[in-house]
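Asks: One structure follows; several queries about it will come next.
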Amino acid sequence: MVKEYKIAVIPGDGTGPEVVREGIKVLESVSKKYGFNLNFVNFNIGGGHYKATGEILPDGVLESLADHDAIYLGAIGHPDVKPGILEKGILLNLRFHFDQYINLRPIKLYEGVDTPLKDKGPDDIDFAVIRENTEGIYAGAGGCLKKGTPDEVAVQESINTRKGVERCVRYAFEYCRKRNKAKKLTLCGKTNVLTYAFDLWERTFYEIAEEYPDIETDYAHVDAICMWMVKNPEWFDVIVTDNMFGDIITDLAAMIQGGMGIAAGGNINPEGLSMFEPIGGSAPKYTGKNIINPIAAILAAQILLDTIGEHKASDSVEKSVINVLRDNIKDSAAGKMGYTTEEVGDLVVENIE
Ligand code: IPM
Ligand code: MN
């Protein structure tokens, strides 16, 4: 029997629809070659929909999304919407609602892609960040008093639960084992200052480590991680960290792998519904110009395939991307690729074996 998957697509705002279109083109082509069916269902969610209707998440949309095997997301963001509304109302809401407790961000410098790091190449930049995705400062615990007065108080607390930390750390050990490269897992924290939160992380990390004698463990403070990631990125294999630190270090990491046109990630619930997205935002200034790089969205689709279990198809998409980056694309930045958005999608399709 041919395997069937239902994929919910949220093209979203700005360049989201343009890059998602290329990702779907690649997914359709690879699914035909590898003998499975993907049924795409579009969801009109985002800043555009919010501006037009005042609705952040349309009624019943969470229930409808739940009936899918994966979510494929373009970008959410609108220049005229106050920061926080769409982020909390849509992106974080989906992550929390579907308990996507892992944010997986592979960081790989592909051949032919420029890195701002001097004397570093594809052999040096190949690691993954596992970011906790449902807790920490992002949980939204806190509040303010006497707002707008000289006595104003603002509190925003980091929530770290044993369960939340443990399942993230365990996922990271498993991922590191499966990845089977240097087999080294680095905990990124701040045990010298955040002595409650990262004490929990550190104890959990070393307890779980006993179950993984094949994995080498390491610890580094988040500020030091930023330093080493620039100076010695080859030291890293897999990094595990909390939500806020993970957010920050993965933007740094995205830049050393070639930038927003390349970086992709997955919001993963290993037991449930996961969501895949290019890391770059909605890029309003490039919208509709057919010049944005769709590779990040195509790599998000590739992680999607891997996560739903279509490993061969996923490998084949990655191989094709490797060829296209090495042999065709001149520069990964928008407008400098030497090809349009659509042509890059076509090239990836043509290179699929
Ligand atoms: C990311 C983004 C989001 C985050 C924003 C848009 C809420 O920066 O996916 O990294 O902070 O997690
Ligand atoms: Mn971010």
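Following the order of the structure tokens, chains are lettered A, B, ..., residues in each are numbered from 1, and ligands are numbered from 1.
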Identify, counting only C-alpha atoms and all ligand atoms, the protein, DNA and RNA residues located within 12 Å of ligand 2, and give them as an NGL selection string.

Replies: :A and (87 or 91-92 or 103 or 105 or 131 or 133 or 138 or 243-254 or 260 or 263-265 or 277-281)

Asks: Would you please extract all alpha helix (DSSP H) residues from stretch 42-196 of chain A, as assigned by DSSP on the backbone, and give them as a PyMOL selection string?

Replies: chain A and resi 47-53+61-66+85-86+93-97+162-179

Asks: Suppose we keep C-alpha atoms; can you now write the selection as a compact mmCIF listing (two decimals), in the first residue's frame?

Replies:
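Saved file again_29.txt follows:
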```
# COMPACT_ATOMS: atom_id res chain seq x y z
CA GLY A 47 -0.14 38.90 9.56
CA GLY A 48 -2.02 39.40 6.30
CA HIS A 49 -5.02 37.47 7.56
CA TYR A 50 -4.86 39.28 10.90
CA LYS A 51 -4.79 42.71 9.23
CA ALA A 52 -7.72 41.79 7.03
CA THR A 53 -9.95 40.14 9.65
CA VAL A 61 -7.82 25.86 13.11
CA LEU A 62 -5.95 24.06 15.89
CA GLU A 63 -8.36 21.14 15.61
CA SER A 64 -7.96 21.04 11.82
CA LEU A 65 -4.16 21.21 12.04
CA ALA A 66 -4.19 18.36 14.55
CA ILE A 85 1.12 39.75 18.67
CA LEU A 86 1.79 37.38 15.79
CA ASN A 93 0.94 29.29 20.27
CA LEU A 94 1.40 26.47 17.74
CA ARG A 95 4.67 25.33 19.35
CA PHE A 96 3.04 25.22 22.79
CA HIS A 97 -0.33 23.85 21.74
CA ARG A 162 12.33 18.52 35.44
CA LYS A 163 10.08 16.85 32.87
CA GLY A 164 10.69 19.55 30.26
CA VAL A 165 14.44 19.58 30.75
CA GLU A 166 14.73 15.81 30.89
CA ARG A 167 12.82 15.10 27.69
CA CYS A 168 14.88 17.70 25.84
CA VAL A 169 18.20 16.41 27.16
CA ARG A 170 17.19 12.83 26.39
CA TYR A 171 16.22 13.77 22.84
CA ALA A 172 19.64 15.42 22.44
CA PHE A 173 21.50 12.30 23.58
CA GLU A 174 19.43 10.14 21.23
CA TYR A 175 19.97 12.57 18.37
CA CYS A 176 23.70 12.65 19.00
CA ARG A 177 23.87 8.85 18.99
CA LYS A 178 21.81 8.57 15.80
CA ARG A 179 23.84 11.29 14.08
```

Asks: Could you pull the residues within 8 Å of A:Gly74, counting only C-alpha atoms, minus those fewer than 3 positions along the same chain, as a PyMOL selection string?

Replies: chain A and resi 10-13+15-17+19-20+277-278+282+297

Asks: Taking only C-alpha atoms and all ligand atoms into account, which of A:Leu104, A:Val317, A:Val41, A:Ile215 comes nearest ligand 1?

Replies: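 Of A:Leu104, A:Val317, A:Val41, A:Ile215, the one nearest ligand 1, counting only C-alpha atoms and all ligand atoms, is A:Leu104.
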
Asks: Find the residue from A:Pro116, A:Gly266, A:Gly142, A:Pro213 that sits nearest to ligand 1; use only C-alpha atoms and all ligand atoms when measuring.

Replies: A:Gly266

Asks: For stretch 180-193 of chain A, find every residue with an atom within 8 Å (counting only C-alpha atoms), except residues of its own chain fewer than 4 positions away, and show them as a list in words.

Replies: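 Surrounding residues, per the criterion: Ala172, Phe173, Cys176, Phe198, Asp199, Trp201, Glu202, Phe205, Asp214, Ile215, Glu216, Thr217, Asp218, Tyr219, Ala220, His221, Val222, Ile225, Phe236, Asp237, Val238, Ile239, Val240, Thr241, Asp242 and Phe245 of chain A.
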
Asks: Tell me, which residues of stretch 24-115 of chain A carry DSSP strand (DSSP E or B), written as a list in words?

Replies: Phe36, Asn37, Leu38, Asn39, Phe40, Val41, Asn42, Ala70, Ile71, Tyr72, Leu73, Gly74, Ala75, Ile102, Asn103, Leu104, Arg105, Pro106, Ile107 and Lys108 of chain A

Asks: Go ahead and dump the residues you just picked, C-alpha atoms, as a PDB file, in the first residue's frame.

Replies:
```pdb
ATOM      1  CA  PHE A  36       4.578   7.888  -1.260  1.00  0.00           C
ATOM      2  CA  ASN A  37       1.795  10.474  -1.395  1.00  0.00           C
ATOM      3  CA  LEU A  38       1.763  13.885   0.190  1.00  0.00           C
ATOM      4  CA  ASN A  39      -1.582  15.674   0.373  1.00  0.00           C
ATOM      5  CA  PHE A  40      -1.164  19.367   1.015  1.00  0.00           C
ATOM      6  CA  VAL A  41      -3.844  21.402   2.758  1.00  0.00           C
ATOM      7  CA  ASN A  42      -3.415  25.177   2.820  1.00  0.00           C
ATOM      8  CA  ALA A  70       3.193  17.612   9.745  1.00  0.00           C
ATOM      9  CA  ILE A  71       2.990  21.378   9.364  1.00  0.00           C
ATOM     10  CA  TYR A  72       5.066  23.195   6.766  1.00  0.00           C
ATOM     11  CA  LEU A  73       5.390  26.901   7.563  1.00  0.00           C
ATOM     12  CA  GLY A  74       6.760  29.752   5.429  1.00  0.00           C
ATOM     13  CA  ALA A  75       7.013  32.863   7.566  1.00  0.00           C
ATOM     14  CA  ILE A 102      12.296  20.324  20.570  1.00  0.00           C
ATOM     15  CA  ASN A 103      13.589  22.984  18.251  1.00  0.00           C
ATOM     16  CA  LEU A 104      16.071  21.200  16.039  1.00  0.00           C
ATOM     17  CA  ARG A 105      18.467  23.336  14.035  1.00  0.00           C
ATOM     18  CA  PRO A 106      21.085  21.573  11.957  1.00  0.00           C
ATOM     19  CA  ILE A 107      24.047  23.838  11.214  1.00  0.00           C
ATOM     20  CA  LYS A 108      26.026  22.717   8.221  1.00  0.00           C
TER      21      LYS A 108
END
```

Asks: With only C-alpha atoms and all ligand atoms as the basis for distance, which of A:Leu304, A:Ile76, A:Ala197, A:Ala224 is at the shortest distance from ligand 1?

Replies: A:Ile76

Asks: Go through A:Asp126, A:Arg203, A:Gln302, A:Cys144 one by one, measure the shortest atom-to-atom distance of each to A:Asp315 using only C-alpha atoms, and give the residue with the smallest value.

Replies: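 Closest to A:Asp315 of all the choices is A:Gln302.
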
Asks: Closest to A:Met275 among A:Glu111, A:Glu22, A:Asp69, A:Glu28, using only C-alpha atoms?

Replies: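 Distance minimum relative to A:Met275 lands on A:Asp69.
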
Asks: Go ahead and compute the interatomic distance for atom CA of A:Val30 and atom CA of A:Asp306, in Å to one decimal.

Replies: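 Atom CA of A:Asp306 lies 12.5 Å from atom CA of A:Val30.
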